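Read through the structure below, which is laid out as structure tokens, and then see the notes.
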Amino acid sequence: MSSEIAPHIWLSEPSLAFHPDRTSDRDIHPLRGLLRFGPYSAGILPDPIRVATLAPAKESNRLYTFMKCLNSTYTPKERKDYLPKWPGFQPVFGVHVRAAGGHCHVEFDQTLETEFNNSPSPHIVLADQFVRSIQLLQTHRSEFDVLFIYIPQRWSSGYAGASNEDFDLHDHLKATTATLGLPIQLVREDSALAYPCQASVMWRIGLALYVKAGGVPWKLAESDSETAYIGISYAVRPTESDAPRFVTCCSQVFDAEGSGLEFIAYNAHEVEVQRDNPFLSQTEMFRVMSRSLDLYRRRHAGRSPRRIMVHKTTEFKADEVKGCMEAFHLCEAVDLVQVVEDVGWRVRINESAGGVKGNPAAYPVSRGTLVELGPRYALLWTHGDVINISERGSYFKGSRSTPRPLRLVRHAGHGSWDDTARAVLGLSKVNWNNDSLYDPLPVTMGYAKVLARVVKRMPSLRRTPYQFRFFM
């Protein structure tokens with residue numbers, strides 16, 4: 001085997017669109033684009049966005065004060081080469097944020113503190129109180145758009161259960177509210193109120209609030225309008241559950257611009273487990289993919305996509321490939337791509353000169369670097385150095401460690417890796433629950449994982465899609 005590294009190409013940083021018609025309203029920097037052009041869905045959301053609140057007894061004022069900070073200005077104290085100044089919610093998104101009516105503000109009963117401190121299972125006490133209060137607020141659902149929930153640091157012992165319990169407060173609340181169709185924003189004292197860089201907090205909370213209210217901050221500017229993307233993950237229910245052990249979770253991007261992200265979840269009945277990973281039978285995969293295709297057709301006047309790209313972290317077994325092909329037989333092209341995170345390739349070597357062996361480079365690998373290892377394998381750096389982001393010229397997210405690539409394994413499909421890699425790179429920029437330039441994973445995979453964490457805690461699954469804003 002040759003020790004030489006295959007020739008590589010570099011894919012430029014995907015541009016984002018901030019207006020549905022003006023093609024000039026583009027930027028590769030999401031926050032800079034918002035400041036320059038405003039959000040993609042400007043003028044669509046009702047003004048103001050109405051916020052309900054849930055807080056401990058006599059502590060609602062802490063939450064009100066925090067909400068008022070969204071209208072203040074803050075200068076960044078971290079990520080200064082990336083993070084712009086926060087000018088206030090309305091200057092960024094073009095709408096105001098206001099407290100909802102009086103019925104939409106609830107405080108926990110004062111007895112909660114005593115019950116919480118005296119209980120051997122404080123997470124159960126906390127979860128029950130949260131669910132009851134959320135159900136009370138749900139009766140006034142038409143009077144608010146998003147619910148803010150304040151969680152003080154002193155309740156940290158209730159964030160998770162014992163070592164033998166599969167409990168997470170965040171995921172438990174998301175499972176409850178997603179079932180109700182209620183978008184919530186958790187405001188933790190330690191990670192929001194006490195965080196030293198309030199500019200960072202306001203960008204993250206402000207962006208999440210706008211999206212949870214139904215807004216679209218940006219889309220991918222350049223994409224194939226006839227391609228649909230599906231990410232597959234699996235949830236494993238506790239053994240004591242009466243429901244089927246495995247749930248197949250799909251995150252679907254029904255237009256190539258990165259919007260239309262929806263979730264669907266199905267109980268999986270025909271599953272084979274290998275090395276702790278579930279694999280579907282041909283029939284089961286056909287059912288799951290057929291439902292995804294049916295949802296696409298409903299939104300596109302009965303038309304099928306020209307191309308479908310399916311992502312998952314484990315390999316596609318032969319039966320799974322057959323099931324996908326059977327479901328997508330009307331599509332011109334089907335790409336089944338395994339996206340592997342744990343890859344050891346990291347080092348960047350300068351080109352040698354005059355026969356002298358190259359040395360390690362002073363800068364990390366450029367984001368968008370693609371190394372083809374053959375017709376079935378390729379390496380793609382979704383993390384790395386990006387130009388034209390900061391005044392210094394180069395921007396390396398995190399400013400530490402050496403970026404590792406994703407290993408892309410093609411189990412179906414053919415042709416150049418360029419289109420496949422460009423899709424993965426672009427989809428790493430449409431996670432609207434994050435103020436960063438990109439995620440290491442495409443949103444198809446990142447949110448399939450989120451869905452898998454939450455959905456196993458839902459008491460029942462519905463056949464209709466869930467909007468992703470309920471899981472943020």
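Lettering and numbering for the structure tokens are positional, with chains as A, B, ... in the shown order, residues counted from 1 in each chain, and ligands counted from 1 in the shown order.
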
Exercise. May I have the residues within 12 Å of A:Glu115 as a ChimeraX atom specification, using only C-alpha atoms and disregarding those fewer than 3 positions away in the same chain?
Key: /A:108-112,118-126,128-129,155,158

For those residues, write N, CA and C atoms to a file as a compact mmCIF listing (two decimals), in the first residue's frame.
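Okay, part.txt is ready:
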# COMPACT_ATOMS: atom_id res chain seq x y z
N PHE A 108 -43.51 28.74 40.81
CA PHE A 108 -43.70 27.50 41.54
C PHE A 108 -44.18 27.80 42.97
N ASP A 109 -44.87 26.85 43.54
CA ASP A 109 -45.31 26.98 44.93
C ASP A 109 -44.09 27.01 45.85
N GLN A 110 -44.18 27.76 46.92
CA GLN A 110 -43.05 27.88 47.85
C GLN A 110 -42.69 26.56 48.51
N THR A 111 -43.62 25.62 48.55
CA THR A 111 -43.32 24.32 49.17
C THR A 111 -42.36 23.48 48.33
N LEU A 112 -42.14 23.89 47.08
CA LEU A 112 -41.25 23.11 46.22
C LEU A 112 -39.84 23.01 46.81
N ASN A 118 -35.72 17.76 50.65
CA ASN A 118 -35.92 16.60 51.52
C ASN A 118 -36.12 15.29 50.76
N SER A 119 -36.25 15.37 49.47
CA SER A 119 -36.54 14.16 48.69
C SER A 119 -35.27 13.39 48.34
N PRO A 120 -35.30 12.04 48.40
CA PRO A 120 -34.17 11.23 47.94
C PRO A 120 -34.05 11.23 46.40
N SER A 121 -35.12 11.69 45.75
CA SER A 121 -35.12 11.78 44.28
C SER A 121 -35.54 13.19 43.87
N PRO A 122 -34.66 14.17 44.07
CA PRO A 122 -35.05 15.56 43.78
C PRO A 122 -35.40 15.80 42.32
N HIS A 123 -34.81 15.02 41.40
CA HIS A 123 -35.13 15.22 39.99
C HIS A 123 -36.58 14.86 39.68
N ILE A 124 -37.14 13.89 40.40
CA ILE A 124 -38.54 13.51 40.20
C ILE A 124 -39.45 14.62 40.69
N VAL A 125 -39.14 15.19 41.85
CA VAL A 125 -39.92 16.30 42.39
C VAL A 125 -39.90 17.47 41.41
N LEU A 126 -38.73 17.79 40.91
CA LEU A 126 -38.58 18.92 40.01
C LEU A 126 -39.34 18.68 38.70
N ASP A 128 -41.91 16.73 38.10
CA ASP A 128 -43.36 16.75 38.29
C ASP A 128 -43.87 18.18 38.41
N GLN A 129 -43.15 19.03 39.16
CA GLN A 129 -43.58 20.42 39.31
C GLN A 129 -43.52 21.16 37.97
N TRP A 155 -30.70 24.16 42.12
CA TRP A 155 -31.45 22.97 41.72
C TRP A 155 -30.61 22.01 40.88
N GLY A 158 -31.00 18.25 40.66
CA GLY A 158 -32.17 17.69 39.99
C GLY A 158 -32.05 17.67 38.48

Practice problem: Find the residues around stretch 414-418 of chain A up to 9 Å (only C-alpha atoms counted), leave out those fewer than 5 positions away in its own chain, and share them as a list in words. | Solution: Ile9, Leu11, Ala333, Val334, Asp335, Leu370, Glu372, Pro375, Arg376, Tyr377, Ala378 and Ala423 of chain A

Determine, counting only C-alpha atoms, which protein, DNA and RNA residues have an atom within 7 Å of an atom of A:Arg469; residues of the same chain fewer than 2 positions away are not included. Present the result as a PDB file with N, CA and C atoms, in the first residue's frame.
ATOM      1  N   PRO A 183     -42.907  25.742  22.216  1.00  0.00           N
ATOM      2  CA  PRO A 183     -41.474  26.041  22.232  1.00  0.00           C
ATOM      3  C   PRO A 183     -41.059  26.672  23.560  1.00  0.00           C
ATOM      4  N   VAL A 211     -36.143  31.969  16.273  1.00  0.00           N
ATOM      5  CA  VAL A 211     -36.472  30.733  15.559  1.00  0.00           C
ATOM      6  C   VAL A 211     -37.614  29.995  16.243  1.00  0.00           C
ATOM      7  N   LYS A 212     -37.609  29.951  17.569  1.00  0.00           N
ATOM      8  CA  LYS A 212     -38.680  29.253  18.288  1.00  0.00           C
ATOM      9  C   LYS A 212     -40.028  29.935  18.101  1.00  0.00           C
ATOM     10  N   GLN A 467     -42.072  19.863  14.301  1.00  0.00           N
ATOM     11  CA  GLN A 467     -41.221  20.981  13.903  1.00  0.00           C
ATOM     12  C   GLN A 467     -39.980  21.009  14.781  1.00  0.00           C
ATOM     13  N   PHE A 471     -37.670  21.212  19.631  1.00  0.00           N
ATOM     14  CA  PHE A 471     -36.598  20.400  20.210  1.00  0.00           C
ATOM     15  C   PHE A 471     -35.345  21.217  20.488  1.00  0.00           C
ATOM     16  N   MET A 472     -35.343  22.477  20.103  1.00  0.00           N
ATOM     17  CA  MET A 472     -34.150  23.326  20.276  1.00  0.00           C
ATOM     18  C   MET A 472     -33.898  23.619  21.747  1.00  0.00           C
TER      19      MET A 472
END

Practice problem: List the neighbours of stretch 30-32 of chain A out to 8 Å using only C-alpha atoms; skip same-chain residues closer than 2 positions along the sequence, and give me the result as a list in words. | Solution: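 Neighbouring residues, sequence-local ones excluded: Leu16, Asp27, Ile28, Leu34, Leu35, Arg36, Leu83, Pro84, Trp218, Asp435, Ser436 and Leu437 of chain A.
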
Quiz prompt | For A:Pro48: contacts at 8 Å, only C-alpha atoms, fewer than 6 positions along chain excluded, given as a list of chain:residue names | solution =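 The filter keeps A:Val95, A:His96, A:Val97, A:Arg98.
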
Kindly export the residues of the current selection with N, CA and C atoms, as a PDB file, in the first residue's frame.
ATOM      1  N   VAL A  95     -38.081  42.815  14.920  1.00  0.00           N
ATOM      2  CA  VAL A  95     -39.302  42.714  15.726  1.00  0.00           C
ATOM      3  C   VAL A  95     -38.943  42.931  17.188  1.00  0.00           C
ATOM      4  N   HIS A  96     -39.934  43.286  17.991  1.00  0.00           N
ATOM      5  CA  HIS A  96     -39.708  43.504  19.414  1.00  0.00           C
ATOM      6  C   HIS A  96     -40.017  42.234  20.197  1.00  0.00           C
ATOM      7  N   VAL A  97     -39.515  42.166  21.409  1.00  0.00           N
ATOM      8  CA  VAL A  97     -39.843  41.075  22.313  1.00  0.00           C
ATOM      9  C   VAL A  97     -40.470  41.692  23.559  1.00  0.00           C
ATOM     10  N   ARG A  98     -41.615  41.173  23.959  1.00  0.00           N
ATOM     11  CA  ARG A  98     -42.375  41.710  25.082  1.00  0.00           C
ATOM     12  C   ARG A  98     -42.865  40.575  25.980  1.00  0.00           C
TER      13      ARG A  98
END

Quiz item: Which residue, A:Thr23, A:Gln135, A:Ser304, A:Ser233, has the smallest gap to A:Val455 when you use only C-alpha atoms?
Solution: A:Ser233

Quiz item: Which is closer to A:Val201 than all the others in A:Ser156, A:Asn434, A:Thr114, A:Gln252, using only C-alpha atoms?
Solution: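 Using only C-alpha atoms, the shortest distance to A:Val201 belongs to A:Asn434.
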
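If you look at atom CA of A:Pro442 and atom CA of A:Leu147, they are 27.9 Å away from each other.
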
Practice problem: Take atom CA of A:Tyr64 and atom CA of A:Pro217 and report the distance between them in Å, one decimal. | Solution: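 Atom CA of A:Tyr64 sits 24.7 Å away from atom CA of A:Pro217.
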
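If only C-alpha atoms are the atoms counted, then among A:Arg303, A:Arg188, A:His103, A:Lys85 the closest residue to A:Trp203 is A:Lys85.
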